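Source file: input26.txt. Holds: compact mmCIF, C-alpha atoms (C1' of nucleotides).
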```txt
# COMPACT_ATOMS: atom_id res chain seq x y z
CA MET I 1 58.91 23.92 -26.46
CA ILE I 2 59.18 20.48 -27.94
CA LEU I 3 61.05 18.45 -30.51
CA SER I 4 59.42 15.98 -32.84
CA ARG I 5 59.35 12.34 -31.85
CA THR I 6 61.77 11.71 -34.67
CA SER I 7 64.30 14.14 -33.22
CA GLN I 8 63.88 12.77 -29.72
CA TYR I 9 64.51 9.21 -30.87
CA ALA I 10 67.45 10.30 -33.00
CA VAL I 11 69.17 12.04 -30.10
CA GLN I 12 68.48 9.16 -27.73
CA ALA I 13 69.84 6.64 -30.20
CA LEU I 14 73.00 8.58 -30.96
CA ILE I 15 73.75 9.13 -27.28
CA TYR I 16 73.35 5.43 -26.72
CA MET I 17 75.67 4.63 -29.63
CA ALA I 18 78.25 7.00 -28.18
CA THR I 19 78.24 4.96 -24.97
CA GLN I 20 79.09 1.80 -26.90
CA PRO I 21 82.56 0.73 -28.11
CA ALA I 22 83.23 2.58 -31.34
CA ALA I 23 84.80 -0.38 -33.11
CA ALA I 24 81.80 -2.69 -33.47
CA PRO I 25 78.64 -1.66 -35.33
CA VAL I 26 75.54 -1.29 -33.18
CA LEU I 27 72.34 -3.01 -34.27
CA ASN I 28 69.15 -1.07 -34.81
CA LYS I 29 67.32 -3.87 -33.03
CA ASP I 30 69.47 -3.50 -29.93
CA ILE I 31 69.13 0.26 -29.77
CA ALA I 32 65.38 0.00 -30.13
CA SER I 33 65.00 -2.55 -27.38
CA LYS I 34 67.31 -0.74 -24.97
CA LEU I 35 65.50 2.55 -25.50
CA GLY I 36 62.05 1.03 -25.70
CA VAL I 37 61.21 2.64 -29.03
CA PRO I 38 59.63 1.02 -32.10
CA ALA I 39 62.35 -0.65 -34.16
CA PRO I 40 60.92 -0.01 -37.67
CA TYR I 41 60.53 3.68 -36.97
CA LEU I 42 63.99 3.91 -35.48
CA ALA I 43 65.44 2.13 -38.50
CA LYS I 44 64.02 4.78 -40.78
CA ILE I 45 65.48 7.52 -38.60
CA LEU I 46 68.92 5.91 -38.54
CA GLN I 47 68.85 5.54 -42.30
CA GLY I 48 68.17 9.24 -42.55
CA LEU I 49 71.09 9.99 -40.27
CA ALA I 50 73.28 7.75 -42.40
CA LYS I 51 72.19 9.63 -45.49
CA GLY I 52 73.08 12.83 -43.68
CA ASN I 53 76.56 11.45 -43.09
CA LEU I 54 76.28 11.29 -39.33
CA LEU I 55 76.31 7.49 -39.37
CA VAL I 56 77.83 4.75 -41.46
CA SER I 57 75.78 1.64 -42.06
CA PHE I 58 76.96 -1.91 -42.77
CA ARG I 59 74.71 -4.60 -44.16
CA GLY I 60 74.80 -8.29 -43.62
CA ARG I 61 76.15 -10.30 -40.75
CA LEU I 62 78.13 -8.19 -38.33
CA GLY I 63 76.38 -5.21 -39.83
CA GLY I 64 74.88 -2.31 -38.00
CA PHE I 65 75.45 1.40 -37.55
CA CYS I 66 78.56 3.32 -36.46
CA LEU I 67 79.10 6.98 -35.73
CA ARG I 68 81.04 8.43 -38.62
CA GLU I 69 82.89 10.97 -36.52
CA GLY I 70 83.91 10.64 -32.92
CA GLY I 71 81.23 11.60 -30.43
CA ASN I 72 83.13 14.76 -29.59
CA LYS I 73 82.64 16.09 -33.12
CA ILE I 74 78.88 15.58 -33.23
CA THR I 75 76.65 18.12 -31.51
CA LEU I 76 72.91 18.27 -30.99
CA MET I 77 72.84 20.90 -33.69
CA HIS I 78 74.20 18.45 -36.26
CA ILE I 79 71.48 15.99 -35.39
CA LEU I 80 68.58 18.42 -35.35
CA LEU I 81 69.59 20.03 -38.61
CA LEU I 82 68.94 16.62 -40.15
CA THR I 83 65.82 15.65 -38.27
CA GLU I 84 64.07 19.01 -38.06
CA GLY I 85 65.20 20.36 -41.38
CA PRO I 86 67.91 22.89 -42.21
CA ALA I 87 65.70 25.93 -41.51
CA PHE I 88 64.58 25.01 -38.02
CA THR I 89 66.73 27.69 -36.39
CA GLU I 90 65.09 30.40 -38.44
CA SER I 91 61.47 29.62 -37.76
CA CYS I 92 59.22 32.43 -36.58
CA LEU I 93 57.35 31.93 -33.32
CA LEU I 94 54.13 33.10 -34.92
CA GLY I 95 54.69 30.99 -38.00
CA LEU I 96 55.25 33.82 -40.46
CA LYS I 97 57.02 32.69 -43.60
CA LYS I 98 58.87 35.94 -43.84
CA CYS I 99 60.10 37.16 -40.47
CA SER I 100 63.49 38.82 -40.51
CA ASP I 101 64.96 41.93 -38.97
CA GLU I 102 63.38 43.94 -41.78
CA THR I 103 59.94 42.34 -41.84
CA ALA I 104 59.55 41.28 -38.24
CA CYS I 105 56.66 39.91 -36.25
CA PRO I 106 56.08 41.72 -32.94
CA LEU I 107 57.84 38.91 -31.07
CA HIS I 108 60.89 38.80 -33.31
CA PHE I 109 63.29 40.95 -31.31
CA ARG I 110 62.19 39.51 -28.00
CA TRP I 111 62.67 36.01 -29.28
CA ILE I 112 66.13 36.50 -30.79
CA PRO I 113 68.12 36.46 -27.51
CA VAL I 114 66.29 33.37 -26.31
CA LYS I 115 66.82 31.64 -29.61
CA LYS I 116 70.48 32.50 -29.29
CA LYS I 117 70.62 30.70 -25.95
CA ILE I 118 69.03 27.64 -27.48
CA ILE I 119 71.43 27.60 -30.40
CA GLU I 120 74.39 27.98 -28.06
CA LEU I 121 73.19 25.00 -26.11
CA LEU I 122 72.76 22.90 -29.22
CA LEU I 123 76.17 23.86 -30.58
CA ASP I 124 77.94 23.32 -27.28
CA THR I 125 76.44 19.97 -26.36
CA SER I 126 78.36 17.09 -27.92
CA LEU I 127 77.41 13.45 -27.94
CA GLU I 128 80.54 12.70 -25.97
CA LYS I 129 79.48 14.92 -23.08
CA LEU I 130 76.04 13.39 -23.00
CA ALA I 131 77.36 9.85 -23.28
CA LYS I 132 79.72 10.39 -20.37
CA ALA I 133 76.87 11.79 -18.31
CA VAL I 134 74.81 8.69 -19.01
CA GLU I 135 77.73 6.41 -18.19
CA THR I 136 77.91 7.82 -14.67
CA GLY I 137 74.52 6.21 -14.11
CA LYS I 138 73.01 9.42 -12.81
CA TYR I 139 71.03 10.16 -15.95
CA ARG I 140 68.65 8.09 -17.94
CA LEU I 141 68.06 7.92 -21.64
CA ALA I 142 64.66 6.24 -21.72
CA ASP I 143 61.56 5.83 -19.66
CA VAL I 144 62.01 2.10 -19.57
CA PRO I 145 64.21 1.77 -16.49
CA GLY I 146 67.20 -0.42 -15.87
CA MET I 147 67.64 -1.55 -19.44
CA LEU I 148 70.75 0.41 -20.09
CA PHE I 149 73.52 -0.85 -17.85
CA GLU I 150 71.90 -3.73 -16.03
CA GLN I 151 71.40 -6.18 -18.86
CA LEU I 152 71.83 -9.77 -17.74
CA GLU I 153 72.74 -12.67 -19.97
CA PRO I 154 71.28 -16.13 -19.32
CA MET R 1 61.59 25.44 -31.44
CA ILE R 2 58.07 25.80 -32.69
CA LEU R 3 54.52 26.26 -31.51
CA SER R 4 51.52 24.44 -32.89
CA ARG R 5 49.48 26.12 -35.60
CA THR R 6 46.69 26.48 -33.09
CA SER R 7 48.92 28.44 -30.73
CA GLN R 8 50.26 30.61 -33.52
CA TYR R 9 46.78 31.55 -34.71
CA ALA R 10 45.62 32.14 -31.13
CA VAL R 11 48.43 34.56 -30.40
CA GLN R 12 48.00 36.36 -33.71
CA ALA R 13 44.28 36.73 -33.16
CA LEU R 14 44.57 38.00 -29.62
CA ILE R 15 47.19 40.55 -30.56
CA TYR R 16 44.92 41.76 -33.31
CA MET R 17 42.00 42.02 -30.92
CA ALA R 18 44.14 44.04 -28.54
CA THR R 19 44.73 46.58 -31.30
CA GLN R 20 40.98 47.09 -31.72
CA PRO R 21 38.72 49.29 -29.57
CA ALA R 22 37.84 47.29 -26.47
CA ALA R 23 34.21 48.37 -26.39
CA ALA R 24 32.86 46.66 -29.49
CA PRO R 25 33.07 42.90 -30.01
CA VAL R 26 35.36 41.76 -32.81
CA LEU R 27 34.06 39.31 -35.40
CA ASN R 28 35.77 36.02 -35.99
CA LYS R 29 35.24 36.57 -39.68
CA ASP R 30 37.08 39.89 -39.60
CA ILE R 31 40.01 38.54 -37.63
CA ALA R 32 40.33 35.62 -40.01
CA SER R 33 40.33 37.77 -43.11
CA LYS R 34 42.75 40.31 -41.70
CA LEU R 35 45.17 37.59 -40.63
CA GLY R 36 44.62 35.39 -43.66
CA VAL R 37 43.78 32.28 -41.67
CA PRO R 38 40.83 29.87 -42.17
CA ALA R 39 37.81 31.31 -40.40
CA PRO R 40 36.18 28.07 -39.17
CA TYR R 41 39.43 26.88 -37.66
CA LEU R 42 40.00 30.20 -35.98
CA ALA R 43 36.45 30.10 -34.61
CA LYS R 44 37.19 26.81 -32.91
CA ILE R 45 40.34 28.27 -31.39
CA LEU R 46 38.55 31.40 -30.16
CA GLN R 47 35.83 29.27 -28.60
CA GLY R 48 38.51 27.41 -26.70
CA LEU R 49 39.98 30.67 -25.47
CA ALA R 50 36.51 31.76 -24.37
CA LYS R 51 36.12 28.51 -22.45
CA GLY R 52 39.47 29.24 -20.84
CA ASN R 53 38.13 32.60 -19.73
CA LEU R 54 40.49 34.66 -21.83
CA LEU R 55 37.69 35.86 -24.09
CA VAL R 56 34.00 36.64 -23.76
CA SER R 57 31.72 35.77 -26.64
CA PHE R 58 28.42 37.34 -27.63
CA ARG R 59 25.95 35.66 -29.91
CA GLY R 60 23.47 37.12 -32.31
CA ARG R 61 23.62 40.43 -34.09
CA LEU R 62 26.28 42.75 -32.74
CA GLY R 63 27.93 39.67 -31.35
CA GLY R 64 31.59 38.75 -31.50
CA PHE R 65 34.53 38.23 -29.18
CA CYS R 66 36.03 40.55 -26.56
CA LEU R 67 39.08 40.23 -24.38
CA ARG R 68 37.88 39.51 -20.87
CA GLU R 69 40.74 41.31 -19.18
CA GLY R 70 42.62 44.31 -20.44
CA GLY R 71 45.47 43.50 -22.78
CA ASN R 72 47.96 44.38 -20.09
CA LYS R 73 46.75 41.50 -17.92
CA ILE R 74 47.05 38.81 -20.55
CA THR R 75 50.49 37.36 -21.27
CA LEU R 76 51.68 34.84 -23.82
CA MET R 77 51.89 32.34 -20.99
CA HIS R 78 48.16 32.60 -20.36
CA ILE R 79 47.47 31.89 -23.99
CA LEU R 80 49.87 28.99 -24.40
CA LEU R 81 48.74 27.28 -21.23
CA LEU R 82 45.37 26.99 -22.94
CA THR R 83 46.49 26.09 -26.43
CA GLU R 84 49.48 23.86 -25.64
CA GLY R 85 48.10 22.32 -22.50
CA PRO R 86 48.93 22.99 -18.87
CA ALA R 87 52.06 20.83 -18.82
CA PHE R 88 53.85 22.37 -21.75
CA THR R 89 56.43 24.09 -19.56
CA GLU R 90 57.48 20.82 -17.97
CA SER R 91 58.11 18.75 -21.06
CA CYS R 92 61.43 16.93 -21.40
CA LEU R 93 63.54 17.68 -24.46
CA LEU R 94 64.05 13.97 -25.07
CA GLY R 95 60.40 13.20 -24.48
CA LEU R 96 60.83 11.23 -21.27
CA LYS R 97 57.63 10.98 -19.29
CA LYS R 98 59.52 11.17 -16.04
CA CYS R 99 62.31 13.74 -16.14
CA SER R 100 62.80 15.68 -12.94
CA ASP R 101 65.79 16.75 -10.90
CA GLU R 102 65.84 13.27 -9.38
CA THR R 103 65.31 11.19 -12.52
CA ALA R 104 66.89 13.40 -15.13
CA CYS R 105 67.71 12.90 -18.77
CA PRO R 106 71.28 13.88 -19.68
CA LEU R 107 70.01 17.19 -21.09
CA HIS R 108 67.89 18.11 -18.11
CA PHE R 109 70.28 20.42 -16.26
CA ARG R 110 71.54 22.04 -19.42
CA TRP R 111 68.01 22.73 -20.56
CA ILE R 112 66.69 24.22 -17.32
CA PRO R 113 68.33 27.66 -17.64
CA VAL R 114 67.21 27.98 -21.23
CA LYS R 115 63.70 26.94 -20.36
CA LYS R 116 63.76 29.56 -17.65
CA LYS R 117 64.55 32.24 -20.24
CA ILE R 118 61.64 31.09 -22.35
CA ILE R 119 59.24 31.15 -19.43
CA GLU R 120 60.42 34.60 -18.44
CA LEU R 121 59.73 35.82 -21.94
CA LEU R 122 56.27 34.32 -21.97
CA LEU R 123 55.40 35.73 -18.56
CA ASP R 124 56.76 39.16 -19.35
CA THR R 125 55.20 39.67 -22.76
CA SER R 126 51.69 41.08 -22.51
CA LEU R 127 49.21 41.51 -25.30
CA GLU R 128 49.29 45.22 -24.70
CA LYS R 129 53.01 45.48 -25.46
CA LEU R 130 52.61 43.44 -28.60
CA ALA R 131 49.57 45.38 -29.74
CA LYS R 132 51.40 48.66 -29.31
CA ALA R 133 54.32 47.31 -31.29
CA VAL R 134 51.98 46.37 -34.13
CA GLU R 135 50.28 49.76 -34.04
CA THR R 136 53.56 51.51 -34.80
CA GLY R 137 53.39 49.83 -38.20
CA LYS R 138 56.91 48.46 -37.87
CA TYR R 139 55.81 44.91 -37.17
CA ARG R 140 53.49 42.59 -38.96
CA LEU R 141 51.10 40.03 -37.67
CA ALA R 142 50.51 37.99 -40.80
CA ASP R 143 52.18 37.02 -44.03
CA VAL R 144 49.42 38.58 -46.04
CA PRO R 145 50.79 42.12 -46.32
CA GLY R 146 48.96 45.38 -46.03
CA MET R 147 45.73 43.96 -44.69
CA LEU R 148 46.12 45.28 -41.21
CA PHE R 149 46.03 49.03 -41.30
CA GLU R 150 45.40 49.79 -44.94
CA GLN R 151 41.91 48.42 -45.33
CA LEU R 152 39.83 50.52 -47.70
CA GLU R 153 36.05 50.69 -47.71
CA PRO R 154 34.15 51.13 -50.98
C1' DA Z 1 9.77 37.14 -38.57
C1' DC Z 2 14.25 37.99 -40.10
C1' DA Z 3 19.08 38.52 -40.41
C1' DA Z 4 23.44 38.16 -38.26
C1' DT Z 5 26.09 35.76 -35.12
C1' DA Z 6 28.13 32.22 -31.95
C1' DT Z 7 28.15 27.13 -30.79
C1' DA Z 8 28.45 22.36 -31.60
C1' DA Z 9 29.39 18.35 -33.99
C1' DA Z 10 30.89 15.83 -37.58
C1' DA Z 11 33.26 15.03 -41.92
C1' DC Z 12 37.40 15.55 -44.39
C1' DA Z 13 42.41 16.06 -45.30
C1' DA Z 14 47.18 16.14 -44.18
C1' DT Z 15 50.89 14.84 -41.46
C1' DC Z 16 53.29 12.06 -38.19
C1' DT Z 17 54.12 7.64 -36.10
C1' DT Z 18 54.24 2.73 -36.30
C1' DG Z 19 54.13 -1.82 -38.49
C1' DT Z 20 54.80 -5.33 -42.31
C1' DC Z 21 57.10 -7.22 -46.08
C1' DC Z 22 60.54 -8.46 -49.22
C1' DG Z 23 64.88 -7.65 -51.60
C1' DA Z 24 69.97 -6.69 -51.43
C1' DA Z 25 74.30 -7.13 -49.24
C1' DT Z 26 77.74 -9.46 -46.40
C1' DA Z 27 80.14 -12.58 -43.13
C1' DT Z 28 80.29 -17.25 -41.57
C1' DC Z 29 79.87 -22.12 -42.06
C1' DT Z 30 80.14 -26.39 -44.62
C1' DA Y 1 82.26 -22.12 -54.03
C1' DG Y 2 77.81 -22.43 -52.35
C1' DA Y 3 74.35 -22.32 -48.67
C1' DT Y 4 72.82 -19.94 -44.75
C1' DA Y 5 71.96 -16.63 -41.35
C1' DT Y 6 71.94 -11.92 -40.33
C1' DT Y 7 71.35 -7.15 -41.19
C1' DC Y 8 70.30 -2.84 -43.68
C1' DG Y 9 67.23 -0.64 -47.54
C1' DG Y 10 63.10 0.68 -49.42
C1' DA Y 11 58.13 0.32 -50.55
C1' DC Y 12 53.75 0.15 -48.74
C1' DA Y 13 49.99 0.50 -45.56
C1' DA Y 14 47.67 0.92 -40.98
C1' DG Y 15 46.89 3.92 -37.07
C1' DA Y 16 47.11 8.24 -34.52
C1' DT Y 17 47.23 12.99 -34.25
C1' DT Y 18 46.55 17.47 -35.89
C1' DG Y 19 44.70 20.76 -38.93
C1' DT Y 20 40.76 22.22 -42.00
C1' DT Y 21 36.20 22.45 -43.84
C1' DT Y 22 31.35 21.67 -43.81
C1' DT Y 23 26.85 21.41 -41.83
C1' DA Y 24 23.42 22.09 -38.62
C1' DT Y 25 21.61 24.38 -34.38
C1' DA Y 26 20.83 27.94 -30.99
C1' DT Y 27 20.87 32.82 -29.63
C1' DT Y 28 20.25 37.71 -30.07
C1' DG Y 29 18.99 42.42 -31.90
C1' DT Y 30 16.03 44.89 -35.23
```

Can you dump the structure from the file as structure tokens?
Amino acid sequence: MILSRTSQYAVQALIYMATQPAAAPVLNKDIASKLGVPAPYLAKILQGLAKGNLLVSFRGRLGGFCLREGGNKITLMHILLLTEGPAFTESCLLGLKKCSDETACPLHFRWIPVKKKIIELLLDTSLEKLAKAVETGKYRLADVPGMLFEQLEP
Amino acid sequence: MILSRTSQYAVQALIYMATQPAAAPVLNKDIASKLGVPAPYLAKILQGLAKGNLLVSFRGRLGGFCLREGGNKITLMHILLLTEGPAFTESCLLGLKKCSDETACPLHFRWIPVKKKIIELLLDTSLEKLAKAVETGKYRLADVPGMLFEQLEP
DNA sequence: ACAATATAAAACAATCTTGTCCGAATATCT
DNA sequence: AGATATTCGGACAAGATTGTTTTATATTGT
């Protein structure tokens, strides 16, 4: 029923990046403060996503992270395959190592149609869709309120 | 996409108990060995289920654990409410503490119908159904093979 | 009294999350 | 060109959570 913290932060961060202008790299520090998540942990997650070719990273001044592909190419599935591991869609509800159509746990065939729904959702939901939803202001990305589109400069 | 180990062991154990004659208490030790899970850990889990009124426990000789209600009354939902906590059906995919129809994360309304399918499955799946499935021999409850209905006595 | 069993608590281990530190890379400024 | 400021990269460790094992205690039937 739940994703790991790592996956949650990864999705939040990528949605936020998709709301930002694609040209300029986004700073880990900025993402962390806008989302209210620990910066060192987020950095590690973003590095992993860069290694998985979802992001490009630039060091030095004017550095930061950019989405490698446009937000319309990246789906939740792409993200979770990296953060949850490549086998996360095949996991057995009861935790059996071997649970296939041949050697099935008693929940296997009941679970399959539900799993299918989940996978459809993950495949169909692109960063672009989510970013646009957030940009309407009707949805929030973090518990910390008002940080996202009400930032004031001194 | 995944339940905690505790939940997995709890469900496995209860299904196994539902395959056994209801009259005699079942020993933690026996369940553990048949399922191939650590006995002390399973004991702790079963005690929790007893506290949650899903099981009755008997101490001393001829002791053990019994299902309190018939297997047809107990659903996966009953079990998981105890092992995952009472709020596990309300958790937000992105981990937001406050994510309701009013203050929604961008995944909220996409996730609701899928969550509904999951809840339906959990409410509809009784221990009795699962136990009967296992008794046909077509489904397995544990990775350790052949322990369930091929136990030989010396 | 004894043996078998559940219960409780605590100790231990593994994993996940978070924080700190320093080095490497890169653009900007002088 | 060189100095400087900024940013990612990676190693390491502290803390938190979860899973596992051990130990001791209480209860019950024979």

Checklist entry - Could you write out as a PyMOL selection string the residues of chain R within 7 Å of chain Z, counting all atoms listed in the file? => result chain R and resi 58-61+63

Residue list as an mmCIF file with C-alpha atoms, keeping the file's coordinate frame for point (70.8, 27.9, -26.9), cut-off 12 Å, all atoms listed in the file:
```
data_model
loop_
_atom_site.group_PDB
_atom_site.id
_atom_site.type_symbol
_atom_site.label_atom_id
_atom_site.label_comp_id
_atom_site.auth_asym_id
_atom_site.auth_seq_id
_atom_site.Cartn_x
_atom_site.Cartn_y
_atom_site.Cartn_z
ATOM 1 C CA LEU I 76 72.910 18.270 -30.990
ATOM 2 C CA MET I 77 72.840 20.900 -33.690
ATOM 3 C CA THR I 89 66.730 27.690 -36.390
ATOM 4 C CA TRP I 111 62.670 36.010 -29.280
ATOM 5 C CA ILE I 112 66.130 36.500 -30.790
ATOM 6 C CA PRO I 113 68.120 36.460 -27.510
ATOM 7 C CA VAL I 114 66.290 33.370 -26.310
ATOM 8 C CA LYS I 115 66.820 31.640 -29.610
ATOM 9 C CA LYS I 116 70.480 32.500 -29.290
ATOM 10 C CA LYS I 117 70.620 30.700 -25.950
ATOM 11 C CA ILE I 118 69.030 27.640 -27.480
ATOM 12 C CA ILE I 119 71.430 27.600 -30.400
ATOM 13 C CA GLU I 120 74.390 27.980 -28.060
ATOM 14 C CA LEU I 121 73.190 25.000 -26.110
ATOM 15 C CA LEU I 122 72.760 22.900 -29.220
ATOM 16 C CA LEU I 123 76.170 23.860 -30.580
ATOM 17 C CA ASP I 124 77.940 23.320 -27.280
ATOM 18 C CA THR I 125 76.440 19.970 -26.360
ATOM 19 C CA MET R 1 61.590 25.440 -31.440
ATOM 20 C CA ARG R 110 71.540 22.040 -19.420
ATOM 21 C CA TRP R 111 68.010 22.730 -20.560
ATOM 22 C CA ILE R 112 66.690 24.220 -17.320
ATOM 23 C CA PRO R 113 68.330 27.660 -17.640
ATOM 24 C CA VAL R 114 67.210 27.980 -21.230
ATOM 25 C CA LYS R 115 63.700 26.940 -20.360
ATOM 26 C CA LYS R 116 63.760 29.560 -17.650
ATOM 27 C CA LYS R 117 64.550 32.240 -20.240
ATOM 28 C CA ILE R 118 61.640 31.090 -22.350
#
```

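Of note, atom CA of Phe88 of chain I and atom CA of Lys44 of chain I are spaced 20.4 Å apart.
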
Next on the checklist: For a quick test of understanding: name the residues of chain Y lying within 12 Å of chain I when counting all atoms listed in the file, and present them as an MDAnalysis selection string.
Outcome noted: chainID Y and resid 4:10

Item to check | Pick from R:Glu128, R:Asp101, R:Asp143, R:Glu69 nearest to chain I, counting only C-alpha atoms | outcome: R:Asp143

Next on the checklist: Near chain R, meaning an atom within 6 Å, which residues of chain I appear when counting all atoms listed in the file? Write them as JSON, numbers by chain.
Outcome noted: {"I": [1, 8, 94, 96, 104, 105, 106, 130, 139, 140, 141, 143]}

Save the residues we just selected, C-alpha atoms, as a PDB file, keeping the file's coordinate frame?
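Writing done, so here's selection-v3.pdb:
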```pdb
ATOM      1  CA  MET I   1      58.910  23.920 -26.460  1.00  0.00           C
ATOM      2  CA  GLN I   8      63.880  12.770 -29.720  1.00  0.00           C
ATOM      3  CA  LEU I  94      54.130  33.100 -34.920  1.00  0.00           C
ATOM      4  CA  LEU I  96      55.250  33.820 -40.460  1.00  0.00           C
ATOM      5  CA  ALA I 104      59.550  41.280 -38.240  1.00  0.00           C
ATOM      6  CA  CYS I 105      56.660  39.910 -36.250  1.00  0.00           C
ATOM      7  CA  PRO I 106      56.080  41.720 -32.940  1.00  0.00           C
ATOM      8  CA  LEU I 130      76.040  13.390 -23.000  1.00  0.00           C
ATOM      9  CA  TYR I 139      71.030  10.160 -15.950  1.00  0.00           C
ATOM     10  CA  ARG I 140      68.650   8.090 -17.940  1.00  0.00           C
ATOM     11  CA  LEU I 141      68.060   7.920 -21.640  1.00  0.00           C
ATOM     12  CA  ASP I 143      61.560   5.830 -19.660  1.00  0.00           C
TER      13      ASP I 143
END
```

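Computed from the coordinates, the atom CA of Val56 of chain R to atom CA of Gly137 of chain R distance equals 27.5 Å.
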
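Atom pair atom CA of Leu81 of chain R / atom CA of Leu49 of chain R has a distance of 10.3 Å (rounded to one decimal).
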